[in-house]
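This is start.cif. It holds mmCIF, N, CA, C and O atoms.
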```cif
data_final
loop_
_atom_site.label_atom_id
_atom_site.label_comp_id
_atom_site.auth_asym_id
_atom_site.auth_seq_id
_atom_site.Cartn_x
_atom_site.Cartn_y
_atom_site.Cartn_z
N MET P 22 113.94 47.33 43.59
CA MET P 22 114.39 47.64 44.92
C MET P 22 114.12 49.12 45.21
O MET P 22 114.48 50.00 44.43
N LYS P 23 113.46 49.37 46.33
CA LYS P 23 113.15 50.74 46.73
C LYS P 23 114.38 51.41 47.31
O LYS P 23 115.04 50.87 48.19
N LYS P 24 114.68 52.59 46.81
CA LYS P 24 115.79 53.37 47.34
C LYS P 24 115.29 54.21 48.51
O LYS P 24 114.20 54.76 48.46
N SER P 25 116.09 54.30 49.55
CA SER P 25 115.71 55.13 50.69
C SER P 25 116.67 56.31 50.82
O SER P 25 117.84 56.22 50.46
N LEU P 26 116.14 57.38 51.36
CA LEU P 26 116.97 58.56 51.58
C LEU P 26 117.88 58.32 52.76
O LEU P 26 117.51 57.69 53.74
N LYS P 27 119.10 58.86 52.69
CA LYS P 27 120.07 58.74 53.77
C LYS P 27 120.13 60.00 54.62
O LYS P 27 120.37 59.95 55.81
N THR P 28 119.95 61.13 53.98
CA THR P 28 119.96 62.41 54.70
C THR P 28 119.25 63.45 53.85
O THR P 28 118.90 63.20 52.70
N ILE P 29 119.03 64.61 54.43
CA ILE P 29 118.46 65.74 53.72
C ILE P 29 119.42 66.91 53.87
O ILE P 29 119.88 67.21 54.98
N ILE P 30 119.73 67.53 52.76
CA ILE P 30 120.62 68.70 52.74
C ILE P 30 119.81 69.89 52.26
O ILE P 30 119.08 69.80 51.28
N SER P 31 119.97 70.99 52.95
CA SER P 31 119.25 72.21 52.63
C SER P 31 120.26 73.35 52.55
O SER P 31 121.34 73.27 53.14
N THR P 32 119.90 74.40 51.87
CA THR P 32 120.81 75.54 51.75
C THR P 32 120.05 76.80 51.33
O THR P 32 118.93 76.71 50.82
N ASP P 33 120.65 77.93 51.59
CA ASP P 33 120.18 79.23 51.08
C ASP P 33 118.74 79.57 51.47
O ASP P 33 117.92 79.87 50.63
N TRP P 34 118.46 79.56 52.77
CA TRP P 34 117.13 79.95 53.23
C TRP P 34 116.94 81.46 53.08
O TRP P 34 115.85 81.90 52.75
N HIS P 35 117.95 82.23 53.35
CA HIS P 35 117.88 83.70 53.24
C HIS P 35 116.61 84.26 53.90
O HIS P 35 115.80 84.92 53.27
N ILE P 36 116.45 83.97 55.20
CA ILE P 36 115.25 84.40 55.92
C ILE P 36 115.17 85.93 55.92
O ILE P 36 116.11 86.62 56.27
N LYS P 37 114.01 86.41 55.51
CA LYS P 37 113.70 87.84 55.58
C LYS P 37 112.22 87.99 55.90
O LYS P 37 111.47 86.99 55.87
N LYS P 38 111.80 89.18 56.26
CA LYS P 38 110.42 89.39 56.72
C LYS P 38 109.38 88.84 55.76
O LYS P 38 108.37 88.29 56.20
N ASP P 39 109.60 88.99 54.47
CA ASP P 39 108.56 88.62 53.51
C ASP P 39 108.59 87.15 53.07
O ASP P 39 107.77 86.75 52.24
N ASN P 40 109.49 86.33 53.62
CA ASN P 40 109.47 84.92 53.22
C ASN P 40 109.40 83.95 54.41
O ASN P 40 109.57 82.75 54.23
N ILE P 41 109.13 84.47 55.59
CA ILE P 41 109.12 83.63 56.79
C ILE P 41 108.10 82.50 56.66
O ILE P 41 108.41 81.34 56.95
N ALA P 42 106.89 82.80 56.23
CA ALA P 42 105.85 81.76 56.11
C ALA P 42 106.29 80.68 55.11
O ALA P 42 106.08 79.48 55.37
N GLN P 43 106.91 81.07 54.01
CA GLN P 43 107.39 80.10 53.03
C GLN P 43 108.48 79.21 53.62
O GLN P 43 108.51 78.01 53.39
N ILE P 44 109.38 79.82 54.39
CA ILE P 44 110.47 79.06 55.01
C ILE P 44 109.90 78.06 56.01
O ILE P 44 110.31 76.89 56.03
N TYR P 45 108.93 78.48 56.82
CA TYR P 45 108.29 77.54 57.76
C TYR P 45 107.69 76.35 57.01
O TYR P 45 107.82 75.20 57.44
N LYS P 46 107.02 76.64 55.90
CA LYS P 46 106.39 75.56 55.11
C LYS P 46 107.45 74.60 54.58
O LYS P 46 107.31 73.37 54.67
N ILE P 47 108.52 75.14 54.04
CA ILE P 47 109.59 74.31 53.48
C ILE P 47 110.26 73.47 54.58
O ILE P 47 110.52 72.28 54.39
N ILE P 48 110.52 74.09 55.72
CA ILE P 48 111.15 73.38 56.83
C ILE P 48 110.24 72.25 57.31
O ILE P 48 110.69 71.13 57.57
N THR P 49 108.95 72.53 57.44
CA THR P 49 108.00 71.49 57.86
C THR P 49 107.97 70.35 56.86
O THR P 49 107.94 69.18 57.23
N GLU P 50 107.99 70.67 55.56
CA GLU P 50 108.03 69.63 54.53
C GLU P 50 109.29 68.78 54.64
O GLU P 50 109.25 67.56 54.50
N LYS P 51 110.42 69.43 54.90
CA LYS P 51 111.67 68.69 55.09
C LYS P 51 111.58 67.76 56.29
O LYS P 51 112.03 66.61 56.24
N CYS P 52 111.01 68.26 57.37
CA CYS P 52 110.87 67.43 58.57
C CYS P 52 109.92 66.26 58.33
O CYS P 52 110.17 65.15 58.80
N GLU P 53 108.85 66.49 57.62
CA GLU P 53 107.92 65.40 57.27
C GLU P 53 108.63 64.35 56.42
O GLU P 53 108.47 63.14 56.64
N LEU P 54 109.40 64.80 55.44
CA LEU P 54 110.16 63.89 54.59
C LEU P 54 111.16 63.10 55.42
O LEU P 54 111.31 61.88 55.24
N ALA P 55 111.83 63.78 56.32
CA ALA P 55 112.80 63.11 57.20
C ALA P 55 112.10 62.06 58.06
O ALA P 55 112.58 60.92 58.18
N LYS P 56 110.97 62.43 58.62
CA LYS P 56 110.22 61.50 59.47
C LYS P 56 109.80 60.25 58.68
O LYS P 56 109.94 59.13 59.15
N GLN P 57 109.30 60.46 57.47
CA GLN P 57 108.86 59.34 56.61
C GLN P 57 110.01 58.41 56.26
O GLN P 57 109.79 57.23 56.01
N ASN P 58 111.22 58.94 56.23
CA ASN P 58 112.39 58.16 55.83
C ASN P 58 113.32 57.83 56.99
O ASN P 58 114.45 57.43 56.77
N ASN P 59 112.82 58.04 58.21
CA ASN P 59 113.58 57.71 59.42
C ASN P 59 114.95 58.42 59.45
O ASN P 59 115.95 57.84 59.87
N ILE P 60 114.97 59.66 58.99
CA ILE P 60 116.19 60.47 58.99
C ILE P 60 116.19 61.30 60.26
O ILE P 60 115.22 61.98 60.57
N LYS P 61 117.28 61.24 61.01
CA LYS P 61 117.36 61.92 62.29
C LYS P 61 118.17 63.21 62.25
O LYS P 61 118.21 63.95 63.23
N THR P 62 118.84 63.49 61.12
CA THR P 62 119.68 64.68 61.01
C THR P 62 119.46 65.35 59.65
O THR P 62 119.45 64.67 58.63
N VAL P 63 119.28 66.66 59.66
CA VAL P 63 119.19 67.46 58.45
C VAL P 63 120.35 68.44 58.48
O VAL P 63 120.68 69.01 59.53
N PHE P 64 120.98 68.63 57.34
CA PHE P 64 122.12 69.54 57.23
C PHE P 64 121.70 70.79 56.47
O PHE P 64 121.04 70.70 55.43
N CYS P 65 122.09 71.95 56.98
CA CYS P 65 121.91 73.20 56.26
C CYS P 65 123.31 73.72 55.91
O CYS P 65 124.13 73.94 56.80
N LEU P 66 123.54 73.88 54.63
CA LEU P 66 124.87 74.27 54.16
C LEU P 66 125.02 75.77 53.98
O LEU P 66 125.74 76.23 53.11
N GLY P 67 124.34 76.51 54.80
CA GLY P 67 124.62 77.94 54.87
C GLY P 67 123.60 78.87 54.28
O GLY P 67 122.62 78.47 53.66
N ASP P 68 123.84 80.12 54.55
CA ASP P 68 123.00 81.24 54.14
C ASP P 68 121.58 81.13 54.70
O ASP P 68 120.59 81.25 54.00
N ILE P 69 121.53 80.93 56.00
CA ILE P 69 120.25 80.97 56.70
C ILE P 69 119.69 82.39 56.66
O ILE P 69 118.52 82.60 56.43
N PHE P 70 120.58 83.35 56.85
CA PHE P 70 120.16 84.74 56.90
C PHE P 70 120.44 85.44 55.57
O PHE P 70 121.25 84.99 54.77
N GLN P 71 119.75 86.54 55.35
CA GLN P 71 119.88 87.30 54.11
C GLN P 71 121.09 88.22 54.13
O GLN P 71 121.63 88.56 53.10
N SER P 72 121.51 88.60 55.32
CA SER P 72 122.53 89.65 55.43
C SER P 72 123.50 89.35 56.56
O SER P 72 123.15 88.70 57.54
N ARG P 73 124.70 89.86 56.44
CA ARG P 73 125.71 89.75 57.50
C ARG P 73 125.43 90.71 58.64
O ARG P 73 125.97 90.56 59.72
N GLN P 74 124.62 91.71 58.40
CA GLN P 74 124.34 92.69 59.44
C GLN P 74 123.53 92.04 60.55
O GLN P 74 122.94 90.98 60.37
N SER P 75 123.51 92.70 61.71
CA SER P 75 122.71 92.16 62.82
C SER P 75 121.27 91.99 62.36
O SER P 75 120.75 92.78 61.58
N GLN P 76 120.64 90.94 62.86
CA GLN P 76 119.31 90.58 62.40
C GLN P 76 118.24 91.21 63.29
O GLN P 76 118.38 91.24 64.51
N PRO P 77 117.14 91.68 62.68
CA PRO P 77 116.06 92.21 63.49
C PRO P 77 115.38 91.09 64.29
O PRO P 77 115.50 89.90 63.94
N LEU P 78 114.69 91.48 65.34
CA LEU P 78 114.06 90.51 66.24
C LEU P 78 113.13 89.55 65.49
O LEU P 78 113.11 88.36 65.79
N ILE P 79 112.39 90.02 64.51
CA ILE P 79 111.46 89.16 63.79
C ILE P 79 112.20 88.00 63.10
O ILE P 79 111.71 86.87 63.05
N ILE P 80 113.40 88.26 62.60
CA ILE P 80 114.19 87.22 61.94
C ILE P 80 114.76 86.26 62.97
O ILE P 80 114.76 85.04 62.77
N LEU P 81 115.23 86.79 64.09
CA LEU P 81 115.76 85.93 65.15
C LEU P 81 114.66 85.03 65.71
O LEU P 81 114.88 83.85 65.97
N LYS P 82 113.45 85.59 65.88
CA LYS P 82 112.32 84.78 66.37
C LYS P 82 111.93 83.73 65.33
O LYS P 82 111.57 82.61 65.69
N ALA P 83 112.01 84.08 64.07
CA ALA P 83 111.71 83.11 63.00
C ALA P 83 112.70 81.95 63.06
O ALA P 83 112.31 80.78 62.94
N PHE P 84 113.97 82.26 63.26
CA PHE P 84 114.97 81.20 63.36
C PHE P 84 114.72 80.35 64.61
O PHE P 84 114.83 79.12 64.55
N GLU P 85 114.34 80.99 65.70
CA GLU P 85 114.00 80.23 66.91
C GLU P 85 112.83 79.28 66.62
O GLU P 85 112.85 78.11 67.02
N ASN P 86 111.82 79.75 65.90
CA ASN P 86 110.68 78.91 65.55
C ASN P 86 111.09 77.75 64.64
O ASN P 86 110.57 76.64 64.77
N ILE P 87 112.03 78.00 63.75
CA ILE P 87 112.55 76.93 62.88
C ILE P 87 113.23 75.86 63.73
O ILE P 87 113.01 74.66 63.54
N LEU P 88 114.03 76.30 64.69
CA LEU P 88 114.68 75.34 65.58
C LEU P 88 113.64 74.55 66.36
O LEU P 88 113.79 73.33 66.57
N ASN P 89 112.56 75.21 66.76
CA ASN P 89 111.49 74.52 67.48
C ASN P 89 110.77 73.50 66.60
O ASN P 89 110.34 72.45 67.09
N ILE P 90 110.64 73.80 65.31
CA ILE P 90 110.03 72.83 64.38
C ILE P 90 110.89 71.58 64.34
O ILE P 90 110.37 70.46 64.47
N PHE P 91 112.20 71.76 64.16
CA PHE P 91 113.08 70.59 64.13
C PHE P 91 112.99 69.82 65.45
O PHE P 91 112.93 68.59 65.45
N GLU P 92 112.97 70.53 66.55
CA GLU P 92 112.89 69.88 67.86
C GLU P 92 111.58 69.10 68.00
O GLU P 92 111.56 67.98 68.53
N SER P 93 110.49 69.66 67.52
CA SER P 93 109.20 68.98 67.64
C SER P 93 109.17 67.67 66.85
O SER P 93 108.42 66.75 67.20
N TYR P 94 109.97 67.58 65.80
CA TYR P 94 110.08 66.35 65.01
C TYR P 94 111.21 65.45 65.53
O TYR P 94 111.45 64.39 64.97
N ASN P 95 111.89 65.92 66.55
CA ASN P 95 113.04 65.18 67.11
C ASN P 95 114.12 64.95 66.04
O ASN P 95 114.67 63.86 65.91
N ILE P 96 114.38 65.99 65.26
CA ILE P 96 115.38 65.95 64.19
C ILE P 96 116.49 66.94 64.52
O ILE P 96 116.22 68.11 64.85
N GLN P 97 117.71 66.48 64.42
CA GLN P 97 118.87 67.34 64.67
C GLN P 97 119.16 68.16 63.42
O GLN P 97 119.17 67.63 62.30
N LEU P 98 119.38 69.45 63.60
CA LEU P 98 119.78 70.34 62.51
C LEU P 98 121.25 70.69 62.69
O LEU P 98 121.64 71.21 63.74
N ILE P 99 122.04 70.40 61.69
CA ILE P 99 123.45 70.78 61.70
C ILE P 99 123.64 71.86 60.65
O ILE P 99 123.28 71.66 59.48
N VAL P 100 124.19 73.00 61.08
CA VAL P 100 124.33 74.15 60.18
C VAL P 100 125.79 74.48 59.98
O VAL P 100 126.56 74.58 60.94
N ILE P 101 126.18 74.65 58.74
CA ILE P 101 127.50 75.15 58.38
C ILE P 101 127.29 76.59 57.90
O ILE P 101 126.54 76.81 56.95
N PRO P 102 127.89 77.57 58.57
CA PRO P 102 127.64 78.96 58.18
C PRO P 102 128.04 79.26 56.74
O PRO P 102 129.09 78.81 56.27
N GLY P 103 127.19 79.99 56.06
CA GLY P 103 127.49 80.44 54.71
C GLY P 103 128.07 81.84 54.72
O GLY P 103 128.22 82.46 55.78
N ASN P 104 128.35 82.35 53.56
CA ASN P 104 128.96 83.68 53.48
C ASN P 104 128.04 84.78 53.99
O ASN P 104 128.50 85.81 54.46
N HIS P 105 126.72 84.58 53.96
CA HIS P 105 125.81 85.58 54.50
C HIS P 105 125.64 85.45 56.01
O HIS P 105 125.05 86.34 56.63
N ASP P 106 126.08 84.36 56.57
CA ASP P 106 125.90 84.11 58.00
C ASP P 106 127.07 84.58 58.84
O ASP P 106 126.94 84.74 60.05
N LYS P 107 128.23 84.78 58.25
CA LYS P 107 129.41 85.18 58.99
C LYS P 107 129.52 86.70 59.06
O LYS P 107 129.05 87.41 58.17
N THR P 108 130.18 87.18 60.08
CA THR P 108 130.41 88.62 60.17
C THR P 108 131.81 88.99 59.73
O THR P 108 132.13 90.15 59.56
N ASP P 109 132.65 87.99 59.50
CA ASP P 109 134.04 88.21 59.10
C ASP P 109 134.41 87.20 58.02
O ASP P 109 134.35 85.99 58.26
N TYR P 110 134.77 87.68 56.84
CA TYR P 110 135.13 86.77 55.74
C TYR P 110 136.24 85.82 56.10
O TYR P 110 136.30 84.70 55.62
N GLY P 111 137.16 86.24 56.95
CA GLY P 111 138.32 85.43 57.29
C GLY P 111 138.09 84.44 58.40
O GLY P 111 138.95 83.60 58.69
N SER P 112 136.91 84.49 59.05
CA SER P 112 136.69 83.61 60.20
C SER P 112 136.28 82.22 59.75
O SER P 112 135.73 82.02 58.68
N ASP P 113 136.57 81.24 60.60
CA ASP P 113 136.14 79.86 60.35
C ASP P 113 134.72 79.69 60.82
O ASP P 113 134.02 78.81 60.52
#
```
Can you turn what I pasted into structure tokens?
Amino acid sequence: MKKSLKTIISTDWHIKKDNIAQIYKIITEKCELAKQNNIKTVFCLGDIFQSRQSQPLIILKAFENILNIFESYNIQLIVIPGNHDKTDYGSD
């Protein structure tokens, strides 16, 4: 009996200037895998960004492009902020 995937979980992207191309490749691979397995939602369990500090424009544009990749595959991305994504340790 062939087992099928139910969802895809991702974590710890830590987007920074020197890994954007790698992140795009990984995200595209995840979307291809999701498409092959009829998965409509991918979960990211945090640490999209490398730092809690405000992000430079290149990182924000990279994240926008990542969202566009998911949109082009018609896949919903659900993100739970990680410790590097929050600006306040005490916030939900």
Resolved residues for the PyMOL selection byres ((chain P and resi 60) around 8) as an mmCIF file with N, CA, C and O atoms, keeping the file's coordinate frame:
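Okay, part-v8.cif is ready:
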```
data_model
loop_
_atom_site.group_PDB
_atom_site.id
_atom_site.type_symbol
_atom_site.label_atom_id
_atom_site.label_comp_id
_atom_site.auth_asym_id
_atom_site.auth_seq_id
_atom_site.Cartn_x
_atom_site.Cartn_y
_atom_site.Cartn_z
ATOM 1 N N LEU P 26 116.140 57.380 51.360
ATOM 2 C CA LEU P 26 116.970 58.560 51.580
ATOM 3 C C LEU P 26 117.880 58.320 52.760
ATOM 4 O O LEU P 26 117.510 57.690 53.740
ATOM 5 N N LYS P 27 119.100 58.860 52.690
ATOM 6 C CA LYS P 27 120.070 58.740 53.770
ATOM 7 C C LYS P 27 120.130 60.000 54.620
ATOM 8 O O LYS P 27 120.370 59.950 55.810
ATOM 9 N N THR P 28 119.950 61.130 53.980
ATOM 10 C CA THR P 28 119.960 62.410 54.700
ATOM 11 C C THR P 28 119.250 63.450 53.850
ATOM 12 O O THR P 28 118.900 63.200 52.700
ATOM 13 N N ILE P 29 119.030 64.610 54.430
ATOM 14 C CA ILE P 29 118.460 65.740 53.720
ATOM 15 C C ILE P 29 119.420 66.910 53.870
ATOM 16 O O ILE P 29 119.880 67.210 54.980
ATOM 17 N N LYS P 51 110.420 69.430 54.900
ATOM 18 C CA LYS P 51 111.670 68.690 55.090
ATOM 19 C C LYS P 51 111.580 67.760 56.290
ATOM 20 O O LYS P 51 112.030 66.610 56.240
ATOM 21 N N CYS P 52 111.010 68.260 57.370
ATOM 22 C CA CYS P 52 110.870 67.430 58.570
ATOM 23 C C CYS P 52 109.920 66.260 58.330
ATOM 24 O O CYS P 52 110.170 65.150 58.800
ATOM 25 N N GLU P 53 108.850 66.490 57.620
ATOM 26 C CA GLU P 53 107.920 65.400 57.270
ATOM 27 C C GLU P 53 108.630 64.350 56.420
ATOM 28 O O GLU P 53 108.470 63.140 56.640
ATOM 29 N N LEU P 54 109.400 64.800 55.440
ATOM 30 C CA LEU P 54 110.160 63.890 54.590
ATOM 31 C C LEU P 54 111.160 63.100 55.420
ATOM 32 O O LEU P 54 111.310 61.880 55.240
ATOM 33 N N ALA P 55 111.830 63.780 56.320
ATOM 34 C CA ALA P 55 112.800 63.110 57.200
ATOM 35 C C ALA P 55 112.100 62.060 58.060
ATOM 36 O O ALA P 55 112.580 60.920 58.180
ATOM 37 N N LYS P 56 110.970 62.430 58.620
ATOM 38 C CA LYS P 56 110.220 61.500 59.470
ATOM 39 C C LYS P 56 109.800 60.250 58.680
ATOM 40 O O LYS P 56 109.940 59.130 59.150
ATOM 41 N N GLN P 57 109.300 60.460 57.470
ATOM 42 C CA GLN P 57 108.860 59.340 56.610
ATOM 43 C C GLN P 57 110.010 58.410 56.260
ATOM 44 O O GLN P 57 109.790 57.230 56.010
ATOM 45 N N ASN P 58 111.220 58.940 56.230
ATOM 46 C CA ASN P 58 112.390 58.160 55.830
ATOM 47 C C ASN P 58 113.320 57.830 56.990
ATOM 48 O O ASN P 58 114.450 57.430 56.770
ATOM 49 N N ASN P 59 112.820 58.040 58.210
ATOM 50 C CA ASN P 59 113.580 57.710 59.420
ATOM 51 C C ASN P 59 114.950 58.420 59.450
ATOM 52 O O ASN P 59 115.950 57.840 59.870
ATOM 53 N N LYS P 61 117.280 61.240 61.010
ATOM 54 C CA LYS P 61 117.360 61.920 62.290
ATOM 55 C C LYS P 61 118.170 63.210 62.250
ATOM 56 O O LYS P 61 118.210 63.950 63.230
ATOM 57 N N THR P 62 118.840 63.490 61.120
ATOM 58 C CA THR P 62 119.680 64.680 61.010
ATOM 59 C C THR P 62 119.460 65.350 59.650
ATOM 60 O O THR P 62 119.450 64.670 58.630
ATOM 61 N N VAL P 63 119.280 66.660 59.660
ATOM 62 C CA VAL P 63 119.190 67.460 58.450
ATOM 63 C C VAL P 63 120.350 68.440 58.480
ATOM 64 O O VAL P 63 120.680 69.010 59.530
ATOM 65 N N TYR P 94 109.970 67.580 65.800
ATOM 66 C CA TYR P 94 110.080 66.350 65.010
ATOM 67 C C TYR P 94 111.210 65.450 65.530
ATOM 68 O O TYR P 94 111.450 64.390 64.970
ATOM 69 N N ASN P 95 111.890 65.920 66.550
ATOM 70 C CA ASN P 95 113.040 65.180 67.110
ATOM 71 C C ASN P 95 114.120 64.950 66.040
ATOM 72 O O ASN P 95 114.670 63.860 65.910
ATOM 73 N N ILE P 96 114.380 65.990 65.260
ATOM 74 C CA ILE P 96 115.380 65.950 64.190
ATOM 75 C C ILE P 96 116.490 66.940 64.520
ATOM 76 O O ILE P 96 116.220 68.110 64.850
ATOM 77 N N GLN P 97 117.710 66.480 64.420
ATOM 78 C CA GLN P 97 118.870 67.340 64.670
ATOM 79 C C GLN P 97 119.160 68.160 63.420
ATOM 80 O O GLN P 97 119.170 67.630 62.300
#
```
Original post:
Can you list, as a ChimeraX atom specification, every protein, DNA or RNA residue that comes within 8 Å of Thr32 of chain P when you count all atoms listed in the file, leaving out same-chain residues fewer than 2 positions away?
Top reply: /P:29-30,34-35,64-69,101
Original post:
Hey, what does DSSP flag as helix (DSSP H, G or I) within chain P? Can you give it to me as a PyMOL selection string?
Top reply: chain P and resi 38-57+78-93
Write the residues you've just listed into a file as a CSV table (one decimal), keeping the file's coordinate frame, and include N, CA, C and O atoms for each of them.
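Output (again21.csv):
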```csv
chain,number,residue,atom,x,y,z
P,38,LYS,N,111.8,89.2,56.3
P,38,LYS,CA,110.4,89.4,56.7
P,38,LYS,C,109.4,88.8,55.8
P,38,LYS,O,108.4,88.3,56.2
P,39,ASP,N,109.6,89.0,54.5
P,39,ASP,CA,108.6,88.6,53.5
P,39,ASP,C,108.6,87.2,53.1
P,39,ASP,O,107.8,86.8,52.2
P,40,ASN,N,109.5,86.3,53.6
P,40,ASN,CA,109.5,84.9,53.2
P,40,ASN,C,109.4,84.0,54.4
P,40,ASN,O,109.6,82.8,54.2
P,41,ILE,N,109.1,84.5,55.6
P,41,ILE,CA,109.1,83.6,56.8
P,41,ILE,C,108.1,82.5,56.7
P,41,ILE,O,108.4,81.3,57.0
P,42,ALA,N,106.9,82.8,56.2
P,42,ALA,CA,105.8,81.8,56.1
P,42,ALA,C,106.3,80.7,55.1
P,42,ALA,O,106.1,79.5,55.4
P,43,GLN,N,106.9,81.1,54.0
P,43,GLN,CA,107.4,80.1,53.0
P,43,GLN,C,108.5,79.2,53.6
P,43,GLN,O,108.5,78.0,53.4
P,44,ILE,N,109.4,79.8,54.4
P,44,ILE,CA,110.5,79.1,55.0
P,44,ILE,C,109.9,78.1,56.0
P,44,ILE,O,110.3,76.9,56.0
P,45,TYR,N,108.9,78.5,56.8
P,45,TYR,CA,108.3,77.5,57.8
P,45,TYR,C,107.7,76.4,57.0
P,45,TYR,O,107.8,75.2,57.4
P,46,LYS,N,107.0,76.6,55.9
P,46,LYS,CA,106.4,75.6,55.1
P,46,LYS,C,107.4,74.6,54.6
P,46,LYS,O,107.3,73.4,54.7
P,47,ILE,N,108.5,75.1,54.0
P,47,ILE,CA,109.6,74.3,53.5
P,47,ILE,C,110.3,73.5,54.6
P,47,ILE,O,110.5,72.3,54.4
P,48,ILE,N,110.5,74.1,55.7
P,48,ILE,CA,111.2,73.4,56.8
P,48,ILE,C,110.2,72.2,57.3
P,48,ILE,O,110.7,71.1,57.6
P,49,THR,N,109.0,72.5,57.4
P,49,THR,CA,108.0,71.5,57.9
P,49,THR,C,108.0,70.4,56.9
P,49,THR,O,107.9,69.2,57.2
P,50,GLU,N,108.0,70.7,55.6
P,50,GLU,CA,108.0,69.6,54.5
P,50,GLU,C,109.3,68.8,54.6
P,50,GLU,O,109.2,67.6,54.5
P,51,LYS,N,110.4,69.4,54.9
P,51,LYS,CA,111.7,68.7,55.1
P,51,LYS,C,111.6,67.8,56.3
P,51,LYS,O,112.0,66.6,56.2
P,52,CYS,N,111.0,68.3,57.4
P,52,CYS,CA,110.9,67.4,58.6
P,52,CYS,C,109.9,66.3,58.3
P,52,CYS,O,110.2,65.2,58.8
P,53,GLU,N,108.8,66.5,57.6
P,53,GLU,CA,107.9,65.4,57.3
P,53,GLU,C,108.6,64.4,56.4
P,53,GLU,O,108.5,63.1,56.6
P,54,LEU,N,109.4,64.8,55.4
P,54,LEU,CA,110.2,63.9,54.6
P,54,LEU,C,111.2,63.1,55.4
P,54,LEU,O,111.3,61.9,55.2
P,55,ALA,N,111.8,63.8,56.3
P,55,ALA,CA,112.8,63.1,57.2
P,55,ALA,C,112.1,62.1,58.1
P,55,ALA,O,112.6,60.9,58.2
P,56,LYS,N,111.0,62.4,58.6
P,56,LYS,CA,110.2,61.5,59.5
P,56,LYS,C,109.8,60.2,58.7
P,56,LYS,O,109.9,59.1,59.2
P,57,GLN,N,109.3,60.5,57.5
P,57,GLN,CA,108.9,59.3,56.6
P,57,GLN,C,110.0,58.4,56.3
P,57,GLN,O,109.8,57.2,56.0
P,78,LEU,N,114.7,91.5,65.3
P,78,LEU,CA,114.1,90.5,66.2
P,78,LEU,C,113.1,89.6,65.5
P,78,LEU,O,113.1,88.4,65.8
P,79,ILE,N,112.4,90.0,64.5
P,79,ILE,CA,111.5,89.2,63.8
P,79,ILE,C,112.2,88.0,63.1
P,79,ILE,O,111.7,86.9,63.0
P,80,ILE,N,113.4,88.3,62.6
P,80,ILE,CA,114.2,87.2,61.9
P,80,ILE,C,114.8,86.3,63.0
P,80,ILE,O,114.8,85.0,62.8
P,81,LEU,N,115.2,86.8,64.1
P,81,LEU,CA,115.8,85.9,65.2
P,81,LEU,C,114.7,85.0,65.7
P,81,LEU,O,114.9,83.8,66.0
P,82,LYS,N,113.4,85.6,65.9
P,82,LYS,CA,112.3,84.8,66.4
P,82,LYS,C,111.9,83.7,65.3
P,82,LYS,O,111.6,82.6,65.7
P,83,ALA,N,112.0,84.1,64.1
P,83,ALA,CA,111.7,83.1,63.0
P,83,ALA,C,112.7,82.0,63.1
P,83,ALA,O,112.3,80.8,62.9
P,84,PHE,N,114.0,82.3,63.3
P,84,PHE,CA,115.0,81.2,63.4
P,84,PHE,C,114.7,80.4,64.6
P,84,PHE,O,114.8,79.1,64.6
P,85,GLU,N,114.3,81.0,65.7
P,85,GLU,CA,114.0,80.2,66.9
P,85,GLU,C,112.8,79.3,66.6
P,85,GLU,O,112.8,78.1,67.0
P,86,ASN,N,111.8,79.8,65.9
P,86,ASN,CA,110.7,78.9,65.6
P,86,ASN,C,111.1,77.8,64.6
P,86,ASN,O,110.6,76.6,64.8
P,87,ILE,N,112.0,78.0,63.8
P,87,ILE,CA,112.6,76.9,62.9
P,87,ILE,C,113.2,75.9,63.7
P,87,ILE,O,113.0,74.7,63.5
P,88,LEU,N,114.0,76.3,64.7
P,88,LEU,CA,114.7,75.3,65.6
P,88,LEU,C,113.6,74.6,66.4
P,88,LEU,O,113.8,73.3,66.6
P,89,ASN,N,112.6,75.2,66.8
P,89,ASN,CA,111.5,74.5,67.5
P,89,ASN,C,110.8,73.5,66.6
P,89,ASN,O,110.3,72.4,67.1
P,90,ILE,N,110.6,73.8,65.3
P,90,ILE,CA,110.0,72.8,64.4
P,90,ILE,C,110.9,71.6,64.3
P,90,ILE,O,110.4,70.5,64.5
P,91,PHE,N,112.2,71.8,64.2
P,91,PHE,CA,113.1,70.6,64.1
P,91,PHE,C,113.0,69.8,65.4
P,91,PHE,O,112.9,68.6,65.4
P,92,GLU,N,113.0,70.5,66.6
P,92,GLU,CA,112.9,69.9,67.9
P,92,GLU,C,111.6,69.1,68.0
P,92,GLU,O,111.6,68.0,68.5
P,93,SER,N,110.5,69.7,67.5
P,93,SER,CA,109.2,69.0,67.6
P,93,SER,C,109.2,67.7,66.8
P,93,SER,O,108.4,66.8,67.2
```
**OP:** For the file shown, report as an MDAnalysis selection string the outcome of the PyMOL selection byres (((chain P and resi 41 and name CA) around 12) and name CA) at residue level.
**Re:** chainID P and resid 34:40 42:48 69:71 79:87
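For the atom pair formed by atom O of Pro102 of chain P and atom C of Ser72 of chain P, the distance is 11.9 Å, given to one decimal.
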Original post:
Can you tell me how far atom CA of Gln76 of chain P sits from atom O of Phe91 of chain P, in Å to one decimal?
Top reply: 23.1 Å
Subject >> d(atom O of Ile99 of chain P, atom CA of Ser31 of chain P) in Å >> reply: 8.0 Å
